[in-house]
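Only one structure is covered here, and it is reproduced in the block below.
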Amino acid sequence: MQFPVYRPRRLRKNENFRRMIRETHLWVDQLIYPLFVVPGEGVKRPISSMPGISQFSVDYLVQECGEAKKLGIPAVLLFGIPEKKDELASEAFAGDGIIQRAIQSIKERVPEILVITDVCLCEYTSHGHCGIMKGDDVDNDATLDLLAKTAVSHAVAGADIVAPSDMMDGRIQAIRRALDQEGFNEIPIMAYAAKFASSFYGPFREAAESAPQFGDRRSYQMDPANSREAMREVSLDIAEGADIVMVKPAMPYLDIIRRVRDEFDLPLAAYQVSGEFAMIRAAAQMGWLDGERTMMEAITSIRRAGADIIITYAACEIARLLRST
Ligand code: PBG
């Protein structure tokens with residue numbers, strides 16, 4: 001076809017035309033809202049590198065979940081910051097640990113919202129790595145037992161979905177087996193399947209107080225340069241029993257999201273991580289970008305790439321915007 005037979009602008013004339021031919025839609029049903037829970041009462045501590053986001057004590061956390069529920073958000077994703085950290089991450093799987101108490105309170109007071117828990121040890125270890133150390137590296141197989149214990153303790157407390165983010169080999173199988181053994185064969189696993197060793201996690205490490213005290217996470221998280229390897233990670237997690245797979249971060253990895261969508265048929269989640277969120281918020285604060293429109297465009301691009309579910313700190317803001325349009 002040659003110009004002027006086809007004139008793309010004919011169908012862009014006004015919002016009704018645009019609405020009618022729009023290919024990608026965003027619903028509040030597709031959003032997961034991550035939250036940080038800290039010890040204490042009456043605590044709402046803003047995270048400086050994530051404008052608008054705070055750490056909450058359990059009482060405020062429950063309120064925030066109520067807010068999210070009112071906005072129609074189906075699920076929250078919880079991260080816990082414990083009172084005490086140690087070499088073995090003991091508070092990660094303690095029956096009365098911060099996250100276990102948080103789950104119980106949400107389930108009592110806002111039972112309608114799904115509680116997803118991040119299963120990882122980095123917030124709970126004194127060294128800030130995602131597992132048990134052997135010399136200066138993480139001991140994969142020794143870590144599996146603790147991850148499985150942690151996941152089971154979340155299920156016991158009432159979690160609806162567990163989401164392992166540690167990137168140890170074999171963790172999905174270890175967690176699936178432990179959950180099944182304890183009678184939790186109905187609890188799904190959302191696997192951080194293709195999780196890259198990304199600088200975009202910077203602000204999160206302030207929020208979760210989980211920066212590694214030495215070294216970095218490149219011996220367990222993926223090299224940002226690899227795409228074929230991401231497919232292997234995803235197929236492994238599926239073979240081991242994952243119910244939902246995730247790509248993380250989202251916007252710098254849209255090609256990975258698209259590949260996973262094309263090659264696998266499980267529900268696919270993408271995590272718009274702290275750095276992606278912070279960049280947009282910071283530029284908006286400077287007056288350099290329109291914060292709301294940029295956020296919607298970023299989220300839409302992640303949907304268009306093929307994500308079914310998007311984990312975003314802007315979930316409440318987006319839910320409000322979707323209501324008003
Ligand atoms: C825990 C974990 C991290 C994130 C989610 N789970 C940090 C990391 O791997 O260092 C990052 C989330 C974000 O940046 O928003 N391992």
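Labeling convention for the structure tokens: chains A, B, ... as they appear, residues from 1 per chain, ligands from 1 in order of appearance.
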* Contacts of range 166-183 of chain A at 10 Å (only C-alpha atoms; same-chain gap of 3+ positions) as a ChimeraX atom specification -> /A:118-122,129-131,138-141,143-153,155-156,162-163,186-196,217,219-222,233,236-242
* Find the residues near Glu23 in chain A: any atom within 12 Å, counting only C-alpha atoms, skip ones fewer than 5 places away on the same chain, and give them as a list of chain:residue names. => A:Arg18, A:Thr300, A:Ser301, A:Arg303, A:Arg304, A:Ala305, A:Gly306
* Once you count only C-alpha atoms and all ligand atoms, which residues end up within 9 Å of ligand 1, and could you hand them over as a PyMOL selection string? -> chain A and resi 34+79+118-123+128-130+164-167+192+195-205+207-208+210-212+216-217+221+248-249+271-277+311-313
* To do: List every residue of range 35-125 of chain A that DSSP, applied to the backbone, labels as strand (DSSP E), and write the result as a list in words.
  =>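 The strand (DSSP E) subset of range 35-125 of chain A is Leu35, Phe36, Val37, Lys44, Arg45, Pro46, Ser54, Gln55, Phe56, Ala75, Val76, Leu77, Leu78, Phe79, Gly80, Leu114, Val115, Ile116, Thr117, Asp118 and Val119 of chain A.
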Please produce a file of the residues just selected, as a short mmCIF file (atom, residue, chain, number, x, y, z; two decimals), in the first residue's frame, where the atoms kept are N, CA and C atoms.
data_model
loop_
_atom_site.label_atom_id
_atom_site.label_comp_id
_atom_site.auth_asym_id
_atom_site.auth_seq_id
_atom_site.Cartn_x
_atom_site.Cartn_y
_atom_site.Cartn_z
N LEU A 35 4.56 -3.63 49.74
CA LEU A 35 4.56 -2.86 50.99
C LEU A 35 5.68 -3.33 51.91
N PHE A 36 6.21 -2.37 52.68
CA PHE A 36 7.30 -2.67 53.62
C PHE A 36 6.79 -2.57 55.04
N VAL A 37 7.02 -3.63 55.82
CA VAL A 37 6.51 -3.62 57.20
C VAL A 37 7.66 -3.66 58.20
N LYS A 44 5.05 5.35 60.46
CA LYS A 44 4.91 5.55 59.02
C LYS A 44 6.13 6.36 58.62
N ARG A 45 7.16 5.67 58.12
CA ARG A 45 8.45 6.30 57.88
C ARG A 45 8.68 6.41 56.37
N PRO A 46 8.63 7.65 55.84
CA PRO A 46 8.81 7.81 54.39
C PRO A 46 10.20 7.34 53.94
N SER A 54 6.23 4.55 52.02
CA SER A 54 6.71 4.53 53.41
C SER A 54 6.87 3.11 53.91
N GLN A 55 7.67 3.00 54.97
CA GLN A 55 7.65 1.77 55.76
C GLN A 55 6.52 1.92 56.77
N PHE A 56 5.77 0.84 57.00
CA PHE A 56 4.65 0.89 57.93
C PHE A 56 4.81 -0.13 59.05
N ALA A 75 -4.24 -7.55 45.26
CA ALA A 75 -3.19 -8.21 46.05
C ALA A 75 -2.10 -7.24 46.50
N VAL A 76 -1.54 -7.55 47.66
CA VAL A 76 -0.34 -6.84 48.13
C VAL A 76 0.82 -7.83 48.19
N LEU A 77 2.03 -7.29 48.10
CA LEU A 77 3.25 -8.11 48.20
C LEU A 77 4.05 -7.57 49.38
N LEU A 78 4.29 -8.42 50.38
CA LEU A 78 4.88 -7.94 51.63
C LEU A 78 6.38 -8.21 51.74
N PHE A 79 7.08 -7.19 52.24
CA PHE A 79 8.49 -7.31 52.60
C PHE A 79 8.62 -6.94 54.08
N GLY A 80 9.34 -7.74 54.83
CA GLY A 80 9.48 -7.47 56.26
C GLY A 80 10.88 -6.98 56.61
N LEU A 114 -5.61 -10.34 48.64
CA LEU A 114 -4.65 -11.45 48.62
C LEU A 114 -3.34 -10.98 49.22
N VAL A 115 -2.77 -11.83 50.08
CA VAL A 115 -1.47 -11.51 50.66
C VAL A 115 -0.40 -12.39 50.01
N ILE A 116 0.50 -11.74 49.29
CA ILE A 116 1.63 -12.43 48.68
C ILE A 116 2.85 -12.06 49.51
N THR A 117 3.72 -13.02 49.79
CA THR A 117 4.90 -12.69 50.58
C THR A 117 6.17 -12.94 49.78
N ASP A 118 7.09 -11.99 49.88
CA ASP A 118 8.40 -12.17 49.28
C ASP A 118 9.17 -13.15 50.16
N VAL A 119 9.65 -14.22 49.54
CA VAL A 119 10.44 -15.21 50.30
C VAL A 119 11.90 -15.02 49.93
#
* To do: From the DSSP assignment of the backbone, select every residue of range 128-238 of chain A that is helix (DSSP H, G or I), and format the answer as a ChimeraX atom specification.
  => /A:140-157,171-181,199-207,228-238
* For each of A:Leu71, A:Ile132, A:Ile161, A:Leu61, take the minimum atom-to-atom distance to Trp27 in chain A, counting only C-alpha atoms, then give the residue where this is smallest. =>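 Closest to Trp27 in chain A, using only C-alpha atoms: A:Leu71.
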* Option closest in space to Val58 in chain A, from A:Ser324, A:Gln285, A:Gln104, A:Thr294 [counting only C-alpha atoms] -> A:Gln104
* Point-to-point distance in Å for CA of Ile53 in chain A and CA of Ser126 in chain A ->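 These atoms are spaced 24.5 Å apart.
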